[in-house]
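Heads up: the structure comes next, in structure tokens.
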Amino acid sequence: MIKAYSENYFQKTGIEKPLAPRESRWREGWSLLKRNRLAFVGLVIFLFFFLTALAGLFLTSGTKPVFDPAVVRLEEKLRPPLSHAKLEILSSDRVPRLGLYLFGTDELGRDVFSRMMQGAWVSLTVGFVAVGIAVLIGILLGGISGYYGQNSIRTDQIFLGVILLVGGSLVVMGITSLGIILLVIGGLLLIFLRWLKKRPVKGLSNAWTRLLSIRAISIDTFIMRFVDIMLCFPSFFLILTVVALLPASIYNIMIVIGLTSWMGTTRFVRAEFLSLRDQDFVTAARALGVSDRRIIFRHMIPNAIAPVLVSATISIATAILTEAGLSFLGLGVPPPHATWGNILSDGKNFIFDAPWLTFIPGVAILIVVLSFNLFGEGLRDILNPRLRERS
Amino acid sequence: MLSFIARNSIQKVITLFFVSVISFLVIHLAPGEPSQVDPLNPKFTPEMVERFRQQFHLDQPLTIQYAYFYRDLFTGKTVSWKDNQPVLKKVWERFKNSLWLFVVGTLLTWTLSFPIGIRSAIFRGGPYDRSATFFSYLLISIPGFFFAYVLIIIVVTTLHVPVIDMETFGLGSPPWYRWVMDRIWHLLLPSLLGATGGIAVLSRYVRSQMMEVESQDYVRTARAKGVPEEQVHYKHALRNALLPFVTMFGLILPGLIGGSVIIESIFAWPGMGRMAYEAILARDYPIVLTVNFISAVLVLVGTFISDVLYMVVDPRIRL
Amino acid sequence: MTIRKILIIVPALIIVFLLQSYFWVPTYEQQSRGNPDRLNEYITASIGDASLLNPILSADSASSEINNLVYEGLIDYNEDLRFRGRLARSWKIYEEAFFYINDNASVPSMGKVGPEQIIELLLKAKKRIPPSNPQEKASLENIEEIVLLPAKEFVITRLEKEGKTPGQPKEITIRVTAPPRIKLVLKEVDQFLFQSLSRILGEDYFRTFNGEKYVRITPEIDPVKRSKVVQEALPPTEHNPVIIFQLRPDVKFHDGHPFDAYDVKFTYEAIMNPKNLSPRLSDYEPVKEVTVVDPLTVRIIYKRLYSPALGTWAMGILPEHLLNDEALKKEAIQSGKDPDKFSMRQSRFNRHPIGCGPFVFKEWKSDQYILLERYDQYWEGPPHYSRFYYRIIPDPLTQEMEFYAGTADAYAVRPHQVERLKQDPTYQSFSGLSFGYSYIGYNMRREPFNDPRVRRALGMAIDVDKIIEYVLFGQGERITGPFVKQTDYYNKYIQPLPYDPQGALKLLEEAGWRRNPEGWLEKNGKRLQFTLITNSGNELRKAILTVAQDAWKQIGIDVRTDILEWAVFIQERVNKLDFDALILGWSMGIEPDLYQLWHSSQTNPYQLNFVGFKNEAADDLIIKIRQEYDHDQQVAYCHRLHEIIAKEQPYTFLYVSKWTAVLDKRIVVKETDAEGKVIYKKITPTKTGNYMFYFNRWIKLPETPLFSGEG
């Protein structure tokens, strides 16, 4: 499905207007966004969530935070939302801000509002970092595949790569001596091949050089086959496996989600690059002798990035949901980090006694994810020139 | 055609080989050991742990372990470390249970998405379309387990009937029709929950396909000719909009395994996803690897089928 | 338009068809009305599945729950946690003690004497006017028979590993020319026997016995190892406690095969068989031999004093005829496996168990249910329930939903759920103390936990009563020491630590920790700072972690917390002794044997005394408890040990939680009185808090009955 989508895209966004002034494009987008009411609401909620998360970061951290999510008040457990703190039994430094439990308290008497504030930032980080990793890998691999795709990998490079890889993994596995030997051999080989390229030695038979420089596989094929391999793993199951096997930590979760969701972006960017490569303005730039790097970073990426960002917005929503799912299975972000996902999965045990412990985080996740989705979808519509013409 | 099939299958087999290598490495290079022996059980001595390792070839180098594992898998000799049961037998039992969820879920997805999507496309921009859009995003955005709990609690507290597991316990031996109905009732909620995401995504896709087709010239022509509106939608547009969906039939195959872990755990449904999840927690590597392998095979077979279908359906395409 | 109609009608039909199935499913009230058989079924829900239904191989709680119903042990515990006979009708414990004649030592006022004179001396001492020392008196009176065993020669060959270098162990031959030996048959086990005898035979009589000269080892081994080998081959003194079980006649396994003493012997041998990797091996390691006296009498001789021995025979007995070598070989050949590598672990028996307990195994669907059926020939009379379902529902909340829907009679109910269900007139609820406790353990090798004042202060800063009241919903009690609270071993006179943050601060000040301007406790410029860890997946421990962190922060201790996955927690932290403080719990047997947990020899990595508790007086008591067979004496030792541990505070003992259970009120105890009239009684927990004790007499009724005495 993803493939079908990206190819549609490349047809749709086929005609760019590189000469049009920048502002008008933004302004046009803005007016379109305002007209798409769902997307606009999505954007507003998204911004609100972002500000909340930012505020949460500052208001709940430090030694004396404004909202302290860690204060345990056992006598005050499971108080419903908007109930007043019992001032007579709490010492002054344990009373919540405003003397009020805005979202109630949990089973240990912690203020749910403070915890939600703290969790907003963590949830947001998980989503952004995970998707950031995925997008970076996607742009890198997709870009290489799209721009340098026709170039081939030679046998000697494969040979070298295998030696270095095996050596490296042997070192990691603990068979250090053999690994280091292989790594050294690999290093020497690298220098030797470099040197060989610069001044061919007559002594070496031609057949050998030829054997070493057979074009075995094109970079494009190589990367796309790798994408195929990664797509063979059911993604949630793969995430689950890795997260369960690795020690639980917030970084592992972000990295794993990121490392398992870059394939779509890669295909996407590749298709985009392939089409851009043959555009006139790129050809012109190349004819002018502009360096590859400049072409890629100045001309191609800016043109390819918009649809990537759209899908990234939606991916963030997915990442937040994935984290919540992992929390439910007990494999989510471990304490002391509160995320909305683990507040929700902790709260579900008390769903009859304290429904707010389930519903507040549940509905919050729902709203935020919904806003991401709507906003992303709105953006997609705006960037879709065909729809633009029609409206 | 034949050469395409041959080339494609060779490619798929190579991919499969790499998948098997990668999944094997991921699992075996992760820190920690199988919890076949509870580390804090004072009754296990280090020698016994050592013997377990020998029994499971864990003391051999990885390459040999890999060879052992896939040799056993293909000869059907792999056994689960947890209970010494043959893995393939276990997987088959679970597969049958998951299959029902999958069938009903798919049926719901595919029958519901089309009317919803088509109607949205016909009345695009109207209140129906907008609310359909909103609801489909709502369904995608809701955390699955949260939704499941809310539904279960509503059903159980208002109707007082069991919804968990595959059947009602303590029914004794009812007549067959009652037994069937009971099973269907237990299928309803989990398959509905499993289908929500699919319905939302697919109906959106139907909608965009319909809109795409309806803006094509021949539809405009038909309309200009004075063909009744209904006929334009359902005959001219729909038939062509359906084309890409034929290929999607192949792509639903992997859904048999992935994504059902949470639903199956909540509903105590003894399916593949739950088995795999429990195997991961217990580090029962043979099960994890087998499930992974099977799901990779399903993905590859699925894409293969969809490629072939694409060729069959669309004469313009020659792969 | 047909296409349009089809597109609408098909999904509508599917949905209607799916929805109508609701009308076929019985509601809670209809469960028993529609299907009277439901009343004879007991359905219990569990979070995890069993692993192996074989009592000698399984180590998890789900498996043992089923095993307890399918298998029967020789004995078990009665309402008062004392032993009662099951497959064994009765048993007798006595002791055979041995010592070698020491021709080096001189007996007071007699000089060096031979074996005959020693016996005479002992007999005389027995007849003499009772000595003033009560222990000596008791020991002498306890002697029933004195036998002289003549000198004999014997040869032992065994494999010995050479030094620390790995490699093939080599065979050594030990030739022993043993001197005459005296065997004493005692009425009761007496751990002080040789202490008492040394008052008669001389202080040094046993100590100076030197076996070296009687032993020749070929090839020679290094002296340290040699003396160890000699010590084993020729121990100067030896205690051999003996248990004789009289078995119940006419008991049959579920397949009709009669049960006899050979099954008991087989079960023991199966545990000891290294091929089976039995987790219970260490319980039976002290057994010297098991002999079948006659088909209904079995004698078990122990190598040394080991008082928890009797309790180990509560384990289920396996049927020999289905699992002996012959049967296993046949199974291996049938299933096409290598008979030499095939062990009981691979046998299909583990999924189709046969025992002689009250329920017969019927069916096991992995991760779905295990079904048992009543055993009509059960020796104590069959249970009332005809079927027992053990359902596996991995989610606690859906377990509750199934309970409401009437498709589970019992589930692992949480304290907060009990709180809510107590009010409901449909249900009855129970709770009782469990066998185990939660604690915070301190790594006593590290600063500042090497100071008992600091440990005590840390304990005093936590308000445990509040934890019990609010976190456990009152379902727990305070505990002050390492014994099961409902047994006599627990010293009830020891008071728990008070909640007293000010007192804690004072204690810390004594230990040198003072508050700095920022409010943190400091000593020599170093902040009082450590990390408290626990394992993931346990909500109570997570809650305690949070509460403790918060409580300690209030008196100025900077505590970090970390929650680790179980395997990492155990393997990386606990086993390698790499922690400051941790929250854990022990679940215990009733036996007061604390050797593994508290003896100073168990403080190395990978051992269970990971807090590093070392106390000489405690070590001495732990050994004595292990060797004492007399209940009252054991209790006295335990109370002293409890005092020492409570004083030292190596753990902050938190609480012993209560198990909780909720049942439908219609489940009652059904009994037949002397006249054959059926009477129904309410289910009541036993004194020790076990509500399932009379499970075999439970039954579910269509309506809640009126109980006599209730009006």
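All residue names refer to the structure tokens as shown: chains lettered A, B, ... in order, residues numbered from 1 in each chain, ligands numbered from 1 in order.
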
May I have the residues of chain A within 9 Å of chain B, counting only C-alpha atoms, written as a ChimeraX atom specification? /A:1,4,38,173,225-226,228-238,240-242,244-247,317-318,321-322,324-325,328-329,341,344-345,348,358-359,362-363,365-371,373-374

field: Contact residues (chain C, partner chain A, 7 Å, only C-alpha atoms) as a list in words
entry: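 Per the criterion, chain C yields Leu397, Tyr470, Val471, Gly537, Val547, Asp550, Ile563 and Glu565 of chain C.
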
Write the residues you've just listed into a file as an mmCIF file, in the first residue's frame, and include C-alpha atoms for each of them.
data_model
loop_
_atom_site.group_PDB
_atom_site.id
_atom_site.type_symbol
_atom_site.label_atom_id
_atom_site.label_comp_id
_atom_site.auth_asym_id
_atom_site.auth_seq_id
_atom_site.Cartn_x
_atom_site.Cartn_y
_atom_site.Cartn_z
ATOM 1 C CA LEU C 397 -9.321 -7.065 34.814
ATOM 2 C CA TYR C 470 -3.776 2.321 52.018
ATOM 3 C CA VAL C 471 -1.700 0.366 49.548
ATOM 4 C CA GLY C 537 5.958 -6.343 36.988
ATOM 5 C CA VAL C 547 6.493 5.416 49.173
ATOM 6 C CA ASP C 550 9.235 9.751 49.359
ATOM 7 C CA ILE C 563 12.991 -0.816 38.373
ATOM 8 C CA GLU C 565 13.426 -6.513 34.498
#

- [ ] Run DSSP on the backbone and grab whatever in range 121-304 of chain A lands in strand (DSSP E or B); send it over as a list in words.
- [x]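 Going through range 121-304 of chain A, the strand (DSSP E or B) residues come out as Ser152, Ile153, Arg154, Arg215, Ala216, Ile217 and Ser218 of chain A.
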
Min atom-atom distance to chain C from the set B:Phe114, B:Trp81, B:Phe69, B:Phe74, counting only C-alpha atoms, belongs to B:Phe114

**Asked** Could you name the residues that touch range 273-289 of chain A at 8 Å or less, counting only C-alpha atoms, but leaving out those on the same chain fewer than 5 positions away, as a ChimeraX atom specification?
**Response** /A:10,14,142-143,146-147,295,299-300,304

Listing only residues of chain B within 8 Å of chain C, what is the closest atom pair and its distance in Å (to one decimal) for each, using only C-alpha atoms, sorted by chain and residue number ascending, as CSV?
residue,atom,partner,partner_atom,distance
B:Gly32,CA,C:Ala567,CA,7.0
B:Ser35,CA,C:Ala567,CA,7.6
B:Pro39,CA,C:Ile570,CA,6.8
B:Leu40,CA,C:Ile570,CA,6.8
B:Pro42,CA,C:Leu608,CA,7.5
B:Lys43,CA,C:Pro279,CA,5.1
B:Phe44,CA,C:Pro279,CA,5.7
B:Met48,CA,C:Leu277,CA,6.4
B:Lys82,CA,C:Ser51,CA,6.8
B:Asp83,CA,C:Ser51,CA,5.9
B:Asn84,CA,C:Gln346,CA,6.3
B:Leu108,CA,C:Pro11,CA,7.2
B:Thr111,CA,C:Pro11,CA,5.2
B:Leu112,CA,C:Pro11,CA,5.9
B:Phe114,CA,C:Leu7,CA,7.2
B:Pro115,CA,C:Leu7,CA,5.9
B:Ile152,CA,C:Met401,CA,7.9
B:Ile153,CA,C:Met401,CA,7.3
B:Val156,CA,C:Ala405,CA,6.6
B:Thr157,CA,C:Tyr404,CA,7.9
B:Leu159,CA,C:Thr27,CA,7.4
B:His160,CA,C:Thr27,CA,5.3
B:Val161,CA,C:Thr27,CA,4.6
B:Pro162,CA,C:Ala405,CA,4.8
B:Val163,CA,C:Glu402,CA,7.6
B:Ile164,CA,C:Glu402,CA,6.7
B:Asp165,CA,C:Ile393,CA,7.9
B:Thr168,CA,C:Thr407,CA,6.6
B:Phe169,CA,C:Thr407,CA,5.3
B:Gly170,CA,C:Arg38,CA,5.4
B:Leu171,CA,C:Asn35,CA,6.6
B:Gly172,CA,C:Asp37,CA,6.6
B:Arg178,CA,C:Trp24,CA,6.3
B:Met181,CA,C:Ser21,CA,5.0
B:Asp182,CA,C:Val25,CA,5.8
B:Ile184,CA,C:Ser21,CA,6.3
B:Trp185,CA,C:Ser21,CA,5.1
B:Leu188,CA,C:Leu18,CA,6.4
B:Glu230,CA,C:Met1,CA,7.5
B:Gln231,CA,C:Met1,CA,7.6
B:Tyr234,CA,C:Ile3,CA,6.8
B:Ser265,CA,C:Pro394,CA,6.3
B:Ile266,CA,C:Asp395,CA,5.9
B:Phe267,CA,C:Thr398,CA,7.3
B:Ala268,CA,C:Ile393,CA,5.1
B:Trp269,CA,C:Gln368,CA,7.8
B:Pro270,CA,C:Asp367,CA,6.0

Need the shell around Ile244 in chain C: protein/DNA/RNA residues with any atom at most 12 Å away, counting only C-alpha atoms. Skip same-chain ones fewer than 5 positions apart. Format as a tab-separated table (two decimals) with N, CA and C atoms, in the first residue's frame?
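Result written to part-v8.tsv:
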chain	number	residue	atom	x	y	z
C	74	LEU	N	2.71	-38.39	50.74
C	74	LEU	CA	2.60	-39.32	51.86
C	74	LEU	C	1.92	-38.65	53.05
C	88	ALA	N	0.47	-42.11	53.55
C	88	ALA	CA	1.05	-42.81	54.69
C	88	ALA	C	0.01	-42.80	55.80
C	89	ARG	N	-0.21	-43.99	56.37
C	89	ARG	CA	-1.20	-44.05	57.44
C	89	ARG	C	-0.57	-43.50	58.72
C	90	SER	N	0.68	-43.88	58.92
C	90	SER	CA	1.37	-43.42	60.12
C	90	SER	C	2.86	-43.44	59.84
C	91	TRP	N	3.61	-42.83	60.71
C	91	TRP	CA	5.06	-42.85	60.53
C	91	TRP	C	5.75	-42.77	61.87
C	92	LYS	N	7.00	-43.13	61.86
C	92	LYS	CA	7.77	-43.16	63.08
C	92	LYS	C	9.14	-42.59	62.75
C	93	ILE	N	9.64	-41.77	63.63
C	93	ILE	CA	10.99	-41.23	63.42
C	93	ILE	C	11.87	-41.68	64.57
C	94	TYR	N	12.97	-42.28	64.28
C	94	TYR	CA	13.94	-42.57	65.34
C	94	TYR	C	15.32	-42.36	64.76
C	95	GLU	N	16.32	-42.69	65.54
C	95	GLU	CA	17.66	-42.40	65.05
C	95	GLU	C	18.58	-43.58	65.27
C	261	ALA	N	4.83	-49.28	48.12
C	261	ALA	CA	6.09	-48.68	48.58
C	261	ALA	C	7.09	-48.51	47.45
C	264	VAL	N	7.00	-45.09	46.06
C	264	VAL	CA	7.68	-44.09	46.88
C	264	VAL	C	9.18	-44.12	46.57
C	289	GLU	N	19.45	-43.67	52.12
C	289	GLU	CA	18.83	-44.69	51.27
C	289	GLU	C	17.35	-44.82	51.58
C	290	VAL	N	16.63	-45.30	50.58
C	290	VAL	CA	15.21	-45.59	50.75
C	290	VAL	C	15.04	-47.08	50.51
C	291	THR	N	14.52	-47.79	51.50
C	291	THR	CA	14.35	-49.23	51.30
C	291	THR	C	12.89	-49.60	51.49
C	292	VAL	N	12.49	-50.57	50.68
C	292	VAL	CA	11.13	-51.08	50.79
C	292	VAL	C	11.18	-52.25	51.75
C	293	VAL	N	10.55	-52.10	52.91
C	293	VAL	CA	10.56	-53.18	53.90
C	293	VAL	C	9.55	-54.24	53.47
C	294	ASP	N	8.35	-53.83	53.22
C	294	ASP	CA	7.35	-54.67	52.57
C	294	ASP	C	6.50	-53.73	51.74
C	296	LEU	N	3.95	-52.25	51.92
C	296	LEU	CA	3.26	-51.13	52.56
C	296	LEU	C	4.12	-50.46	53.62
C	297	THR	N	5.41	-50.74	53.62
C	297	THR	CA	6.29	-50.10	54.59
C	297	THR	C	7.53	-49.63	53.86
C	298	VAL	N	7.88	-48.40	54.10
C	298	VAL	CA	9.08	-47.90	53.46
C	298	VAL	C	9.93	-47.20	54.52
C	299	ARG	N	11.27	-47.47	54.42
C	299	ARG	CA	12.14	-46.91	55.43
C	299	ARG	C	13.11	-45.94	54.76
C	300	ILE	N	13.22	-44.77	55.30
C	300	ILE	CA	14.12	-43.76	54.73
C	300	ILE	C	15.18	-43.44	55.77
C	301	ILE	N	16.42	-43.62	55.38
C	301	ILE	CA	17.53	-43.34	56.29
C	301	ILE	C	18.25	-42.10	55.78
C	302	TYR	N	18.54	-41.19	56.68
C	302	TYR	CA	19.21	-39.95	56.32
C	302	TYR	C	20.68	-39.99	56.70
C	310	LEU	N	10.99	-34.46	57.13
C	310	LEU	CA	9.65	-35.04	57.07
C	310	LEU	C	8.78	-34.26	56.11
C	313	TRP	N	8.20	-35.01	52.30
C	313	TRP	CA	7.39	-36.13	51.81
C	313	TRP	C	5.95	-35.74	51.54

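In this structure, CA of Gly381 in chain C sits 9.7 Å away from CA of Arg697 in chain C.
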
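Each of C:Ala138, C:Ile146, C:Val107, C:Lys647 was compared to Thr208 in chain C using only C-alpha atoms, and C:Val107 turns out to be the nearest.
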
The distance between CA of Lys170 in chain C and CA of Gln54 in chain B is 22.8 Å

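The space separating CA of His352 in chain C from CA of Trp364 in chain C comes to 8.1 Å.
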
| query | Using only C-alpha atoms, which residue out of A:Ile153, A:Ile382, A:Ala364, A:Val171 lies closest to Ile217 in chain A? | reply |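 Checking each candidate against Ile217 in chain A, we get A:Ile153 as the closest.
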
### Message
I'd like the contact shell of His236 in chain B - 8 Å cut-off, only C-alpha atoms, skipping same-chain residues fewer than 4 positions apart - returned as a list in words.
### Response
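Here the answer would be Val219, Ala222, Gln231, Val232 and Asn240 of chain B.
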
Go ahead and write the residues just picked, N, CA and C atoms, as a short mmCIF file (atom, residue, chain, number, x, y, z; two decimals), in the first residue's frame.
data_model
loop_
_atom_site.label_atom_id
_atom_site.label_comp_id
_atom_site.auth_asym_id
_atom_site.auth_seq_id
_atom_site.Cartn_x
_atom_site.Cartn_y
_atom_site.Cartn_z
N VAL B 219 -15.52 9.12 -16.87
CA VAL B 219 -16.67 9.27 -15.97
C VAL B 219 -17.41 10.56 -16.31
N ALA B 222 -19.40 9.91 -19.32
CA ALA B 222 -20.61 9.13 -19.05
C ALA B 222 -21.69 10.03 -18.49
N GLN B 231 -25.84 4.96 -11.74
CA GLN B 231 -25.11 4.05 -12.62
C GLN B 231 -23.67 4.53 -12.81
N VAL B 232 -23.51 5.83 -12.88
CA VAL B 232 -22.17 6.37 -13.02
C VAL B 232 -21.31 5.93 -11.85
N ASN B 240 -13.74 0.47 -11.86
CA ASN B 240 -12.34 0.81 -12.05
C ASN B 240 -11.62 1.14 -10.74
#

When you look at Phe128 in chain A with a cut-off of 9 Å (counting only C-alpha atoms), what residues show up, excluding the ones that are within fewer than 2 positions of it in the same chain? I need them as a list in words.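 What passes the distance filter is Ser123, Leu124, Thr125, Val126, Ala130, Val131, Gly132, Ile133, Met254, Ala312, Ile316 and Ala319 of chain A.
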
Find the residues around Glu447 in chain C up to 12 Å (only C-alpha atoms counted), leave out those fewer than 6 positions away in its own chain, and share them as a VMD selection string.
chain C and resid 454 to 455 511 523 526 to 530 579 to 581
